[in-house]
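Have a look at upload.cif below; it lists mmCIF, C-alpha atoms.
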```
data_upload
#
loop_
_atom_site.label_atom_id
_atom_site.label_comp_id
_atom_site.auth_asym_id
_atom_site.auth_seq_id
_atom_site.Cartn_x
_atom_site.Cartn_y
_atom_site.Cartn_z
CA MET X 1 -89.71 95.29 -169.30
CA ASP X 2 -93.06 94.63 -167.69
CA GLY X 3 -93.72 91.19 -166.26
CA GLY X 4 -90.66 89.66 -167.90
CA GLU X 5 -91.90 90.33 -171.41
CA THR X 6 -89.79 91.82 -174.17
CA SER X 7 -90.97 94.60 -176.45
CA SER X 8 -89.83 92.64 -179.54
CA GLY X 9 -91.83 89.54 -178.68
CA ARG X 10 -94.85 91.54 -177.57
CA ASP X 11 -94.79 93.73 -180.69
CA ALA X 12 -94.69 90.68 -182.96
CA TYR X 13 -97.60 89.13 -181.07
CA HIS X 14 -99.65 92.33 -181.25
CA HIS X 15 -99.11 92.32 -185.00
CA GLY X 16 -100.71 88.90 -185.18
CA ASP X 17 -97.64 86.68 -185.55
CA LEU X 18 -97.56 84.68 -182.34
CA LYS X 19 -95.27 82.04 -183.83
CA ALA X 20 -92.60 84.61 -184.68
CA ALA X 21 -93.01 86.22 -181.25
CA LEU X 22 -92.44 82.89 -179.50
CA ILE X 23 -89.34 82.19 -181.58
CA GLN X 24 -87.91 85.64 -180.87
CA ALA X 25 -88.65 85.37 -177.16
CA GLY X 26 -87.09 81.92 -177.12
CA MET X 27 -83.92 83.22 -178.78
CA GLU X 28 -83.64 86.04 -176.24
CA MET X 29 -84.23 83.77 -173.27
CA LEU X 30 -81.79 81.22 -174.62
CA GLU X 31 -78.96 83.75 -174.37
CA GLU X 32 -80.15 85.12 -171.03
CA VAL X 33 -80.88 81.99 -169.01
CA GLY X 34 -79.32 79.17 -171.02
CA LEU X 35 -80.78 76.08 -172.62
CA GLU X 36 -81.16 74.21 -169.33
CA LYS X 37 -83.64 76.76 -167.97
CA LEU X 38 -85.56 77.31 -171.20
CA SER X 39 -89.19 76.16 -171.11
CA LEU X 40 -92.36 76.55 -173.14
CA ARG X 41 -94.10 77.98 -170.09
CA GLY X 42 -91.39 80.59 -169.56
CA ILE X 43 -91.36 81.62 -173.21
CA ALA X 44 -95.15 81.92 -173.28
CA ALA X 45 -95.10 84.07 -170.15
CA ARG X 46 -92.50 86.35 -171.70
CA VAL X 47 -94.72 86.96 -174.72
CA GLY X 48 -97.80 87.35 -172.53
CA VAL X 49 -99.87 84.32 -173.59
CA SER X 50 -101.10 81.22 -171.79
CA HIS X 51 -98.72 78.32 -171.27
CA ALA X 52 -100.83 76.26 -173.69
CA ALA X 53 -100.53 78.75 -176.57
CA PRO X 54 -97.20 77.43 -177.97
CA LYS X 55 -98.79 74.03 -178.52
CA ASN X 56 -100.82 75.54 -181.38
CA HIS X 57 -97.60 76.19 -183.30
CA PHE X 58 -94.96 73.75 -182.05
CA ASP X 59 -94.78 70.09 -181.14
CA GLY X 60 -93.44 70.62 -177.66
CA LEU X 61 -90.17 72.22 -176.62
CA ARG X 62 -88.24 70.20 -179.22
CA GLY X 63 -90.37 71.72 -181.97
CA LEU X 64 -89.79 75.24 -180.67
CA LEU X 65 -86.05 74.63 -180.31
CA SER X 66 -85.98 73.43 -183.92
CA ALA X 67 -87.74 76.61 -185.04
CA ILE X 68 -85.29 78.71 -183.04
CA ALA X 69 -82.35 76.86 -184.60
CA ALA X 70 -83.86 77.35 -188.07
CA GLU X 71 -84.07 81.10 -187.47
CA GLY X 72 -80.52 80.96 -186.18
CA PHE X 73 -79.26 79.42 -189.40
CA GLN X 74 -81.09 82.07 -191.41
CA ARG X 75 -79.30 84.79 -189.47
CA HIS X 76 -76.06 82.84 -189.66
CA SER X 77 -76.10 82.78 -193.47
CA ALA X 78 -76.98 86.48 -193.51
CA ALA X 79 -74.00 87.23 -191.24
CA MET X 80 -71.68 85.39 -193.63
CA THR X 81 -72.84 87.37 -196.66
CA GLU X 82 -73.24 90.81 -195.12
CA GLY X 83 -71.94 93.62 -197.31
CA LEU X 84 -71.50 91.46 -200.40
CA ASP X 85 -73.04 91.86 -203.83
CA ALA X 86 -72.76 90.28 -207.26
CA SER X 87 -69.46 92.03 -207.95
CA SER X 88 -67.74 90.78 -204.78
CA SER X 89 -64.59 88.75 -205.42
CA ARG X 90 -64.01 85.26 -204.10
CA GLN X 91 -61.50 86.73 -201.64
CA ASP X 92 -64.14 89.18 -200.38
CA ARG X 93 -66.68 86.38 -200.04
CA LEU X 94 -64.19 84.16 -198.23
CA ARG X 95 -63.30 86.90 -195.77
CA ALA X 96 -66.93 87.86 -195.17
CA ALA X 97 -67.95 84.23 -194.60
CA ALA X 98 -65.13 83.49 -192.17
CA GLU X 99 -65.52 86.70 -190.19
CA GLY X 100 -69.32 86.47 -190.22
CA TYR X 101 -69.27 82.83 -189.08
CA VAL X 102 -67.08 83.57 -186.07
CA ALA X 103 -68.76 86.88 -185.20
CA PHE X 104 -72.19 85.25 -185.18
CA ALA X 105 -70.98 82.59 -182.75
CA ARG X 106 -69.46 85.17 -180.42
CA GLU X 107 -72.61 87.30 -180.43
CA ASN X 108 -74.99 84.34 -180.01
CA PRO X 109 -73.07 81.60 -178.16
CA ALA X 110 -76.06 79.72 -176.74
CA LEU X 111 -77.91 79.85 -180.05
CA PHE X 112 -74.81 78.71 -181.90
CA ARG X 113 -74.44 75.69 -179.61
CA LEU X 114 -78.11 74.81 -180.06
CA MET X 115 -77.84 75.00 -183.85
CA PHE X 116 -75.13 72.35 -183.76
CA SER X 117 -76.80 70.07 -181.20
CA PRO X 118 -78.76 67.65 -183.41
CA GLY X 119 -79.82 65.54 -180.44
CA LEU X 120 -81.97 68.42 -179.19
CA LEU X 121 -83.60 69.16 -182.54
CA ASP X 122 -86.02 67.60 -184.99
CA ARG X 123 -83.63 66.80 -187.83
CA ASP X 124 -86.59 66.17 -190.16
CA ASN X 125 -88.03 69.63 -189.62
CA PRO X 126 -88.33 71.14 -193.15
CA ALA X 127 -87.59 74.71 -192.07
CA LEU X 128 -84.53 73.61 -190.09
CA CYS X 129 -83.21 71.48 -192.94
CA ALA X 130 -83.65 74.28 -195.48
CA ALA X 131 -82.05 76.92 -193.25
CA GLY X 132 -79.11 74.68 -192.41
CA GLN X 133 -78.51 73.92 -196.07
CA LYS X 134 -78.69 77.63 -196.92
CA SER X 135 -76.05 78.41 -194.32
CA TYR X 136 -73.72 75.64 -195.45
CA ALA X 137 -74.21 76.66 -199.08
CA VAL X 138 -72.33 79.88 -198.34
CA LEU X 139 -69.21 77.81 -197.64
CA THR X 140 -69.77 75.42 -200.54
CA GLY X 141 -70.08 78.36 -202.92
CA ILE X 142 -66.71 79.68 -201.82
CA ALA X 143 -65.08 76.25 -201.84
CA GLU X 144 -66.14 75.55 -205.42
CA ASP X 145 -63.03 75.13 -207.57
CA LEU X 146 -60.79 76.35 -204.75
CA ASP X 147 -57.23 75.30 -205.51
CA TRP X 148 -54.95 74.42 -202.60
CA THR X 149 -52.31 71.85 -201.77
CA THR X 150 -52.73 69.04 -199.25
CA LEU X 151 -49.86 68.01 -197.00
CA ASP X 152 -49.51 64.64 -198.71
CA GLY X 153 -49.75 66.18 -202.18
CA SER X 154 -52.95 64.35 -203.07
CA GLU X 155 -55.53 65.98 -205.33
CA THR X 156 -58.19 67.98 -203.53
CA THR X 157 -61.91 67.71 -204.16
CA GLN X 158 -64.86 69.99 -203.60
CA ARG X 159 -65.67 68.08 -200.43
CA HIS X 160 -62.10 68.52 -199.16
CA SER X 161 -62.34 72.27 -199.62
CA GLU X 162 -65.72 72.50 -197.91
CA LEU X 163 -64.49 70.55 -194.90
CA MET X 164 -61.27 72.56 -194.71
CA LEU X 165 -63.16 75.86 -194.59
CA TRP X 166 -65.81 74.59 -192.21
CA SER X 167 -63.27 73.02 -189.85
CA LEU X 168 -61.26 76.23 -189.64
CA VAL X 169 -64.10 78.66 -188.99
CA HIS X 170 -66.17 76.34 -186.82
CA GLY X 171 -63.17 75.26 -184.79
CA TYR X 172 -62.06 78.82 -184.09
CA ALA X 173 -65.61 79.90 -183.28
CA HIS X 174 -65.97 77.02 -180.82
CA LEU X 175 -62.66 77.84 -179.14
CA LEU X 176 -63.77 81.42 -178.63
CA ILE X 177 -67.14 80.60 -177.04
CA SER X 178 -66.11 77.53 -175.04
CA GLY X 179 -63.66 79.27 -172.73
CA ARG X 180 -60.73 77.25 -174.03
CA LEU X 181 -58.73 80.39 -174.79
CA SER X 182 -57.11 82.22 -171.89
CA ASP X 183 -58.27 85.67 -173.03
CA PRO X 184 -61.10 85.29 -175.56
CA GLU X 185 -62.04 88.97 -175.39
CA HIS X 186 -58.66 89.89 -176.83
CA ALA X 187 -58.26 86.92 -179.15
CA PRO X 188 -56.79 87.60 -182.60
CA PRO X 189 -59.31 88.45 -185.33
CA THR X 190 -60.29 85.68 -187.68
CA THR X 191 -58.13 86.97 -190.51
CA ALA X 192 -55.09 86.97 -188.21
CA VAL X 193 -55.34 83.27 -187.37
CA MET X 194 -56.15 82.40 -190.98
CA PRO X 195 -53.63 84.54 -192.88
CA TRP X 196 -54.05 82.59 -196.08
CA MET X 197 -57.42 84.31 -196.47
CA ASP X 198 -55.63 87.57 -197.13
CA TYR X 199 -52.32 86.54 -198.61
CA LYS X 200 -52.47 83.14 -200.27
CA PRO X 201 -53.57 83.34 -203.91
CA ILE X 202 -56.86 81.60 -204.60
CA THR X 203 -57.22 80.29 -208.10
CA SER X 204 -59.61 78.11 -210.03
CA ARG X 205 -58.79 74.75 -211.53
CA ARG X 206 -60.79 75.69 -214.58
#
```
Written form, structure tokens:
Amino acid sequence: MDGGETSSGRDAYHHGDLKAALIQAGMEMLEEVGLEKLSLRGIAARVGVSHAAPKNHFDGLRGLLSAIAAEGFQRHSAAMTEGLDASSSRQDRLRAAAEGYVAFARENPALFRLMFSPGLLDRDNPALCAAGQKSYAVLTGIAEDLDWTTLDGSETTQRHSELMLWSLVHGYAHLLISGRLSDPEHAPPTTAVMPWMDYKPITSRR
């Protein structure tokens, strides 16, 4: 790399999409230097533009972080649906979503943390809201009509199922990237810690 610039960010800029180049450079720097050292000036320098250039597209660092998080959620939803098509079973979709959720977090730990740090983001940003809803919709689609039994025997609802799935995958992902596990590199695969994904029958109430 020449002058701290990346070929991906520079290529996007040379094709006339400075906004996309800044987002991509920001995502790369986020993983390399961490959120604490991320700055508009540093991102602009990486792309090869003046430090004032980002102000034409983003309302300060918060605006750029929101755009980065929005792109993160877009990639997150794609990771959870990779390899699926209209004929995929609910079990296939459940497995893909769980494995994709955790894999995305492990491959993009700093981005994953940013995506779930609302205090750092503009929660009213339309692109961020839409991307976040798209990502969560993957889980809601799987949870729809999912039939399972609660410990107290009470009737489950759609919201219960959504929260159950989200808690499991998000919790395991967070454990893996937070250093809470003694040997995260050799941690069990997602399907191993959630065996019901492979073995427990999933039926519809309808």
May I have the protein, DNA and RNA residues with any atom at most 9 Å from the point (-86.9, 75.5, -186.4), counting only C-alpha atoms, written as an MDAnalysis selection string? chainID X and resid 23 63:72 121:122 125:129 131
Please produce an output containing C-alpha atoms for each residue in the selection, written as an mmCIF file, keeping the file's coordinate frame.
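Produced file part_3.cif, reproduced below:
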```cif
data_model
loop_
_atom_site.group_PDB
_atom_site.id
_atom_site.type_symbol
_atom_site.label_atom_id
_atom_site.label_comp_id
_atom_site.auth_asym_id
_atom_site.auth_seq_id
_atom_site.Cartn_x
_atom_site.Cartn_y
_atom_site.Cartn_z
ATOM 1 C CA ILE X 23 -89.340 82.190 -181.580
ATOM 2 C CA GLY X 63 -90.370 71.720 -181.970
ATOM 3 C CA LEU X 64 -89.790 75.240 -180.670
ATOM 4 C CA LEU X 65 -86.050 74.630 -180.310
ATOM 5 C CA SER X 66 -85.980 73.430 -183.920
ATOM 6 C CA ALA X 67 -87.740 76.610 -185.040
ATOM 7 C CA ILE X 68 -85.290 78.710 -183.040
ATOM 8 C CA ALA X 69 -82.350 76.860 -184.600
ATOM 9 C CA ALA X 70 -83.860 77.350 -188.070
ATOM 10 C CA GLU X 71 -84.070 81.100 -187.470
ATOM 11 C CA GLY X 72 -80.520 80.960 -186.180
ATOM 12 C CA LEU X 121 -83.600 69.160 -182.540
ATOM 13 C CA ASP X 122 -86.020 67.600 -184.990
ATOM 14 C CA ASN X 125 -88.030 69.630 -189.620
ATOM 15 C CA PRO X 126 -88.330 71.140 -193.150
ATOM 16 C CA ALA X 127 -87.590 74.710 -192.070
ATOM 17 C CA LEU X 128 -84.530 73.610 -190.090
ATOM 18 C CA CYS X 129 -83.210 71.480 -192.940
ATOM 19 C CA ALA X 131 -82.050 76.920 -193.250
#
```
Do you know which residues are at most 12 Å from Gly171 (chain X) counting all atoms listed in the file, after dropping those on the same chain fewer than 4 positions away, and could you put them as a VMD selection string? chain X and resid 98 101 to 102 105 163 to 167 175 to 178 180 190 193 to 194
Selection result for the PyMOL selection byres ((chain X and resi 136-144) around 8) on this file, as a short mmCIF file (atom, residue, chain, number, x, y, z; two decimals) with C-alpha atoms, keeping the file's coordinate frame:
```
data_model
loop_
_atom_site.label_atom_id
_atom_site.label_comp_id
_atom_site.auth_asym_id
_atom_site.auth_seq_id
_atom_site.Cartn_x
_atom_site.Cartn_y
_atom_site.Cartn_z
CA SER X 77 -76.10 82.78 -193.47
CA MET X 80 -71.68 85.39 -193.63
CA THR X 81 -72.84 87.37 -196.66
CA ARG X 90 -64.01 85.26 -204.10
CA ARG X 93 -66.68 86.38 -200.04
CA LEU X 94 -64.19 84.16 -198.23
CA ALA X 97 -67.95 84.23 -194.60
CA GLY X 132 -79.11 74.68 -192.41
CA GLN X 133 -78.51 73.92 -196.07
CA LYS X 134 -78.69 77.63 -196.92
CA SER X 135 -76.05 78.41 -194.32
CA ASP X 145 -63.03 75.13 -207.57
CA LEU X 146 -60.79 76.35 -204.75
CA GLN X 158 -64.86 69.99 -203.60
CA SER X 161 -62.34 72.27 -199.62
CA GLU X 162 -65.72 72.50 -197.91
CA LEU X 165 -63.16 75.86 -194.59
CA TRP X 166 -65.81 74.59 -192.21
#
```
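Between CA of Ser89 (chain X) and CA of Val169 (chain X) the interatomic distance comes to 19.3 Å.
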Figure out the distance between CA of Lys19 (chain X) and CA of Asn56 (chain X), please, to one decimal in Å.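 Separation of CA of Asn56 (chain X) and CA of Lys19 (chain X): 8.9 Å.
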Choose the residue, out of X:Ser88, X:Gly60, X:Ala96, X:Ala110, that has the smallest atom-to-atom separation from Lys37 (chain X); count only C-alpha atoms.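 Of X:Ser88, X:Gly60, X:Ala96, X:Ala110, the one nearest Lys37 (chain X) is X:Ala110, counting only C-alpha atoms.
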Counting all atoms listed in the file, the residue among X:Ala20, X:Ala187, X:Leu120, X:Ala103 that lies closest to Ile43 (chain X) is X:Ala20
Interatomic distance between CA of Glu107 (chain X) and CA of Arg46 (chain X)?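 About the pair CA of Glu107 (chain X) and CA of Arg46 (chain X): they are 21.7 Å apart.
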